[in-house]
Structures are given as structure tokens and as C-alpha cells.
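Below is the file work-v6.cif, which contains mmCIF, C-alpha atoms.
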```
data_run
#
loop_
_atom_site.label_atom_id
_atom_site.label_comp_id
_atom_site.auth_asym_id
_atom_site.auth_seq_id
_atom_site.Cartn_x
_atom_site.Cartn_y
_atom_site.Cartn_z
CA MET A 29 88.24 3.33 -58.11
CA LEU A 30 90.59 2.59 -60.96
CA PRO A 31 91.51 5.68 -63.00
CA ILE A 32 91.95 5.12 -66.73
CA LEU A 33 93.54 7.93 -68.71
CA HIS A 34 92.91 7.61 -72.44
CA LEU A 35 95.50 9.45 -74.51
CA ASN A 36 94.64 9.43 -78.18
CA GLY A 37 96.87 12.35 -79.02
CA TYR A 38 94.21 14.88 -79.93
CA LYS A 39 91.80 17.37 -78.43
CA ILE A 40 89.85 19.80 -80.61
CA SER A 41 92.86 21.00 -82.59
CA ASN A 42 96.16 19.71 -81.15
CA PRO A 43 97.55 16.90 -79.01
CA THR A 44 96.86 17.23 -75.30
CA VAL A 45 99.69 18.13 -72.94
CA LEU A 46 99.93 14.62 -71.49
CA ALA A 47 99.80 13.04 -74.96
CA ARG A 48 102.95 14.97 -75.90
CA ILE A 49 104.98 13.56 -73.00
CA GLU A 50 107.19 10.54 -73.71
CA HIS A 51 106.33 7.21 -72.02
CA GLU A 52 109.17 7.27 -69.46
CA GLU A 53 108.50 10.84 -68.35
CA LEU A 54 104.74 10.18 -68.11
CA GLU A 55 105.43 7.10 -65.97
CA GLN A 56 107.69 9.13 -63.68
CA PHE A 57 105.08 11.87 -63.43
CA PHE A 58 102.34 9.50 -62.28
CA ARG A 59 104.69 7.67 -59.90
CA GLY A 60 105.54 11.08 -58.43
CA CYS A 61 101.81 11.63 -57.91
CA GLY A 62 101.61 8.36 -55.97
CA TRP A 63 100.20 6.02 -58.62
CA THR A 64 101.48 2.81 -60.20
CA PRO A 65 100.80 3.40 -63.88
CA TYR A 66 100.16 0.51 -66.22
CA PHE A 67 100.38 1.30 -69.92
CA VAL A 68 98.16 -0.14 -72.63
CA GLU A 69 99.50 1.11 -75.97
CA GLY A 70 98.96 0.16 -79.59
CA ASP A 71 96.88 0.55 -82.70
CA GLU A 72 95.45 -2.92 -83.33
CA PRO A 73 92.04 -3.24 -81.62
CA GLU A 74 92.15 -7.02 -81.04
CA LYS A 75 95.61 -6.90 -79.43
CA MET A 76 94.64 -3.81 -77.43
CA HIS A 77 91.50 -5.48 -76.07
CA LYS A 78 93.51 -8.47 -74.87
CA LEU A 79 96.20 -6.23 -73.40
CA MET A 80 93.56 -4.09 -71.65
CA ALA A 81 91.86 -7.17 -70.20
CA GLY A 82 95.16 -8.45 -68.79
CA THR A 83 96.04 -5.02 -67.44
CA LEU A 84 92.64 -4.68 -65.76
CA ASP A 85 93.18 -8.08 -64.12
CA LYS A 86 96.62 -6.98 -62.86
CA ALA A 87 95.26 -3.69 -61.53
CA MET A 88 92.41 -5.47 -59.74
CA GLU A 89 94.93 -7.90 -58.17
CA ASP A 90 96.91 -4.89 -56.92
CA ILE A 91 93.80 -3.30 -55.44
CA ARG A 92 92.81 -6.53 -53.66
CA ARG A 93 96.37 -6.96 -52.35
CA ILE A 94 96.46 -3.38 -51.02
CA GLN A 95 93.05 -3.78 -49.37
CA LYS A 96 93.95 -7.15 -47.83
CA ASN A 97 97.24 -5.80 -46.48
CA ALA A 98 95.47 -2.80 -44.95
CA ARG A 99 92.77 -4.94 -43.34
CA ASP A 100 94.92 -7.84 -42.16
CA ASN A 101 97.91 -5.85 -40.96
CA LYS A 102 96.16 -2.61 -40.02
CA ASP A 103 98.60 -0.95 -42.41
CA LEU A 104 97.72 2.74 -42.63
CA THR A 105 100.60 3.79 -44.88
CA ARG A 106 99.62 5.42 -48.14
CA PRO A 107 99.61 2.73 -50.84
CA ARG A 108 100.59 3.29 -54.44
CA TRP A 109 97.27 2.62 -56.18
CA PRO A 110 97.21 1.35 -59.78
CA MET A 111 96.05 3.40 -62.73
CA ILE A 112 95.90 2.69 -66.44
CA VAL A 113 97.23 4.91 -69.21
CA MET A 114 95.79 3.84 -72.55
CA ARG A 115 97.38 5.24 -75.71
CA SER A 116 95.61 4.65 -79.02
CA PRO A 117 95.34 6.51 -82.31
CA LYS A 118 92.49 8.96 -82.82
CA GLY A 119 89.62 7.19 -84.58
CA TRP A 120 91.40 3.81 -84.38
CA THR A 121 88.21 1.73 -84.44
CA GLY A 122 86.27 3.85 -86.92
CA PRO A 123 86.29 3.73 -90.70
CA LYS A 124 89.63 4.53 -92.33
CA ILE A 125 88.04 6.62 -95.09
CA VAL A 126 84.96 8.90 -94.93
CA ASP A 127 83.80 10.75 -98.05
CA GLY A 128 87.05 9.75 -99.75
CA LEU A 129 89.16 11.41 -97.06
CA PRO A 130 91.24 9.80 -94.28
CA SER A 131 89.36 9.87 -90.99
CA ARG A 132 91.90 8.50 -88.52
CA GLU A 133 94.41 10.58 -86.62
CA ARG A 134 92.49 13.73 -87.51
CA PHE A 135 91.38 16.32 -84.97
CA GLU A 136 88.27 17.12 -87.05
CA ARG A 137 86.73 13.80 -85.99
CA ILE A 138 86.20 15.06 -82.46
CA LYS A 139 84.22 18.16 -83.46
CA CYS A 140 81.05 16.41 -84.56
CA GLN A 141 80.88 12.71 -85.24
CA SER A 142 77.69 13.00 -87.33
CA LEU A 143 79.21 15.38 -89.88
CA SER A 144 81.50 14.19 -92.59
CA ILE A 145 85.06 15.49 -92.72
CA ARG A 146 84.27 17.24 -95.98
CA SER A 147 81.37 19.10 -94.30
CA ILE A 148 83.57 20.09 -91.38
CA ARG A 149 86.28 21.36 -93.73
CA SER A 150 83.82 23.44 -95.74
CA MET A 151 82.40 24.91 -92.51
CA SER A 152 85.93 25.65 -91.32
CA ASN A 153 86.93 27.28 -94.61
CA SER A 154 83.79 29.46 -94.69
CA SER A 155 84.40 30.67 -91.11
CA LYS A 156 87.98 31.67 -92.03
CA ALA A 157 86.75 33.64 -95.04
CA GLY A 158 84.30 35.75 -93.06
#
```

As C-alpha cells, what does this structure read like?
Amino acid sequence: MLPILHLNGYKISNPTVLARIEHEELEQFFRGCGWTPYFVEGDEPEKMHKLMAGTLDKAMEDIRRIQKNARDNKDLTRPRWPMIVMRSPKGWTGPKIVDGLPSRERFERIKCQSLSIRSIRSMSNSSKAG
């Protein structure tokens, strides 16, 4: 198993707790939990795909090395398994503009992908009024 934590900075209305933590502190946190975190961070899909592919290869090498060491040397010590932390902007691969409004880095995009932002805003405004 290779855990991949995707931090895009948003949940329904605010950034998640882990998305608010700086890189160094997040790395220390996961190391403290016994993982070797690898970070894939950026906002350009093509570069991110290449970086993710290389990181997956590195993580799989680590897993094979840990397994081989355990089998060949009967090593029963707890290994530090790899994990991936991927940080990307909310909506980074979607359209930049929907109904004339920016659609990236907006929490509204998670509520309902089939509704336009304008529809979501009007629903939100009507619920506040009543």
C-alpha cells in the first residue's frame, strides 16, 4: 500500500488542517508518524504528472528495498514506509472561467461539479436571506 495524500487547500468552505501546515512541519509530522514523505507540489499539470511519475517510481523502489531487506535478512524492525503528499491548486485541471467567473482556487467548486458557480452563489445567497 502506498498512501497518497492530496492537499488542494480546500474542503467545503476552508482549507483543511493539513493544507494549512507549512512543508517542513508537515514533513516532520509524517516522519514522526513513521513515514518517509515524498512531496509532489506545483500548479502546472504536465510538470506535475512527470514529477508524480518519478516520485511513484522512487516510492516503489523504496517498497521493494524494504521488502527485500526483510525477506533476505529476516529484518523485523519497523521500516519507514514511503508516502506521497501531493499539493495542487483547487480546480487546477479544470476550466479557468465558468459563466464568466473564476473557477479555480474556489471552495464552491467542491459543492456540486454539475452546477455553475453562478448557480451555487445564487443558492447560497437565497439560503442566507431566509

For this session: Rank A:Glu74, A:Pro110, A:Glu52, A:Asp103 by their smallest atom-to-atom distance to Glu89 of chain A, using only C-alpha atoms, and report the top residue only.
Result: A:Pro110

Exercise. For this file, the PyMOL selection byres ((chain A and resi 31) around 8) selects which residues, as JSON, numbers by chain?
Worked result: {"A": [29, 30, 32, 33, 110, 111, 112]}

Exercise. Rounded to one decimal in Å, what is the spacing between atom CA of Glu72 of chain A and atom CA of Asn36 of chain A?
Worked result: 13.4 Å

Carefully work through the PyMOL selection byres ((chain A and resi 66) around 9) for this structure and note down the residues it includes, as a tab-separated table (two decimals) with C-alpha atoms, keeping the file's coordinate frame.
```
chain	number	residue	atom	x	y	z
A	55	GLU	CA	105.43	7.10	-65.97
A	64	THR	CA	101.48	2.81	-60.20
A	65	PRO	CA	100.80	3.40	-63.88
A	67	PHE	CA	100.38	1.30	-69.92
A	68	VAL	CA	98.16	-0.14	-72.63
A	83	THR	CA	96.04	-5.02	-67.44
A	86	LYS	CA	96.62	-6.98	-62.86
A	87	ALA	CA	95.26	-3.69	-61.53
A	110	PRO	CA	97.21	1.35	-59.78
A	111	MET	CA	96.05	3.40	-62.73
A	112	ILE	CA	95.90	2.69	-66.44
A	113	VAL	CA	97.23	4.91	-69.21
A	114	MET	CA	95.79	3.84	-72.55
```

Exercise. Please, what distance in Å, to one decimal, runs between atom CA of Asp85 of chain A and atom CA of Pro73 of chain A?
Worked result: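 Distance reported for this atom pair: 18.2 Å.
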
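The closest residue to Lys75 of chain A, picked from A:Gln95, A:Arg59, A:Leu46, A:Ser116 and counting only C-alpha atoms, is A:Ser116.
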
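Atom CA of Glu50 of chain A lies 11.3 Å from atom CA of Arg115 of chain A.
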
For this session: Kindly indicate which residue among A:Arg48, A:Arg99, A:Asp71, A:Phe58 lies nearest to Gly119 of chain A, using all atoms listed in the file for the distances.
Result: A:Asp71

Exercise. Of the candidates A:His51, A:Lys118, A:Arg106, A:Lys124, which shows the shortest atom-to-atom distance to Ile94 of chain A, using only C-alpha atoms?
Worked result: A:Arg106
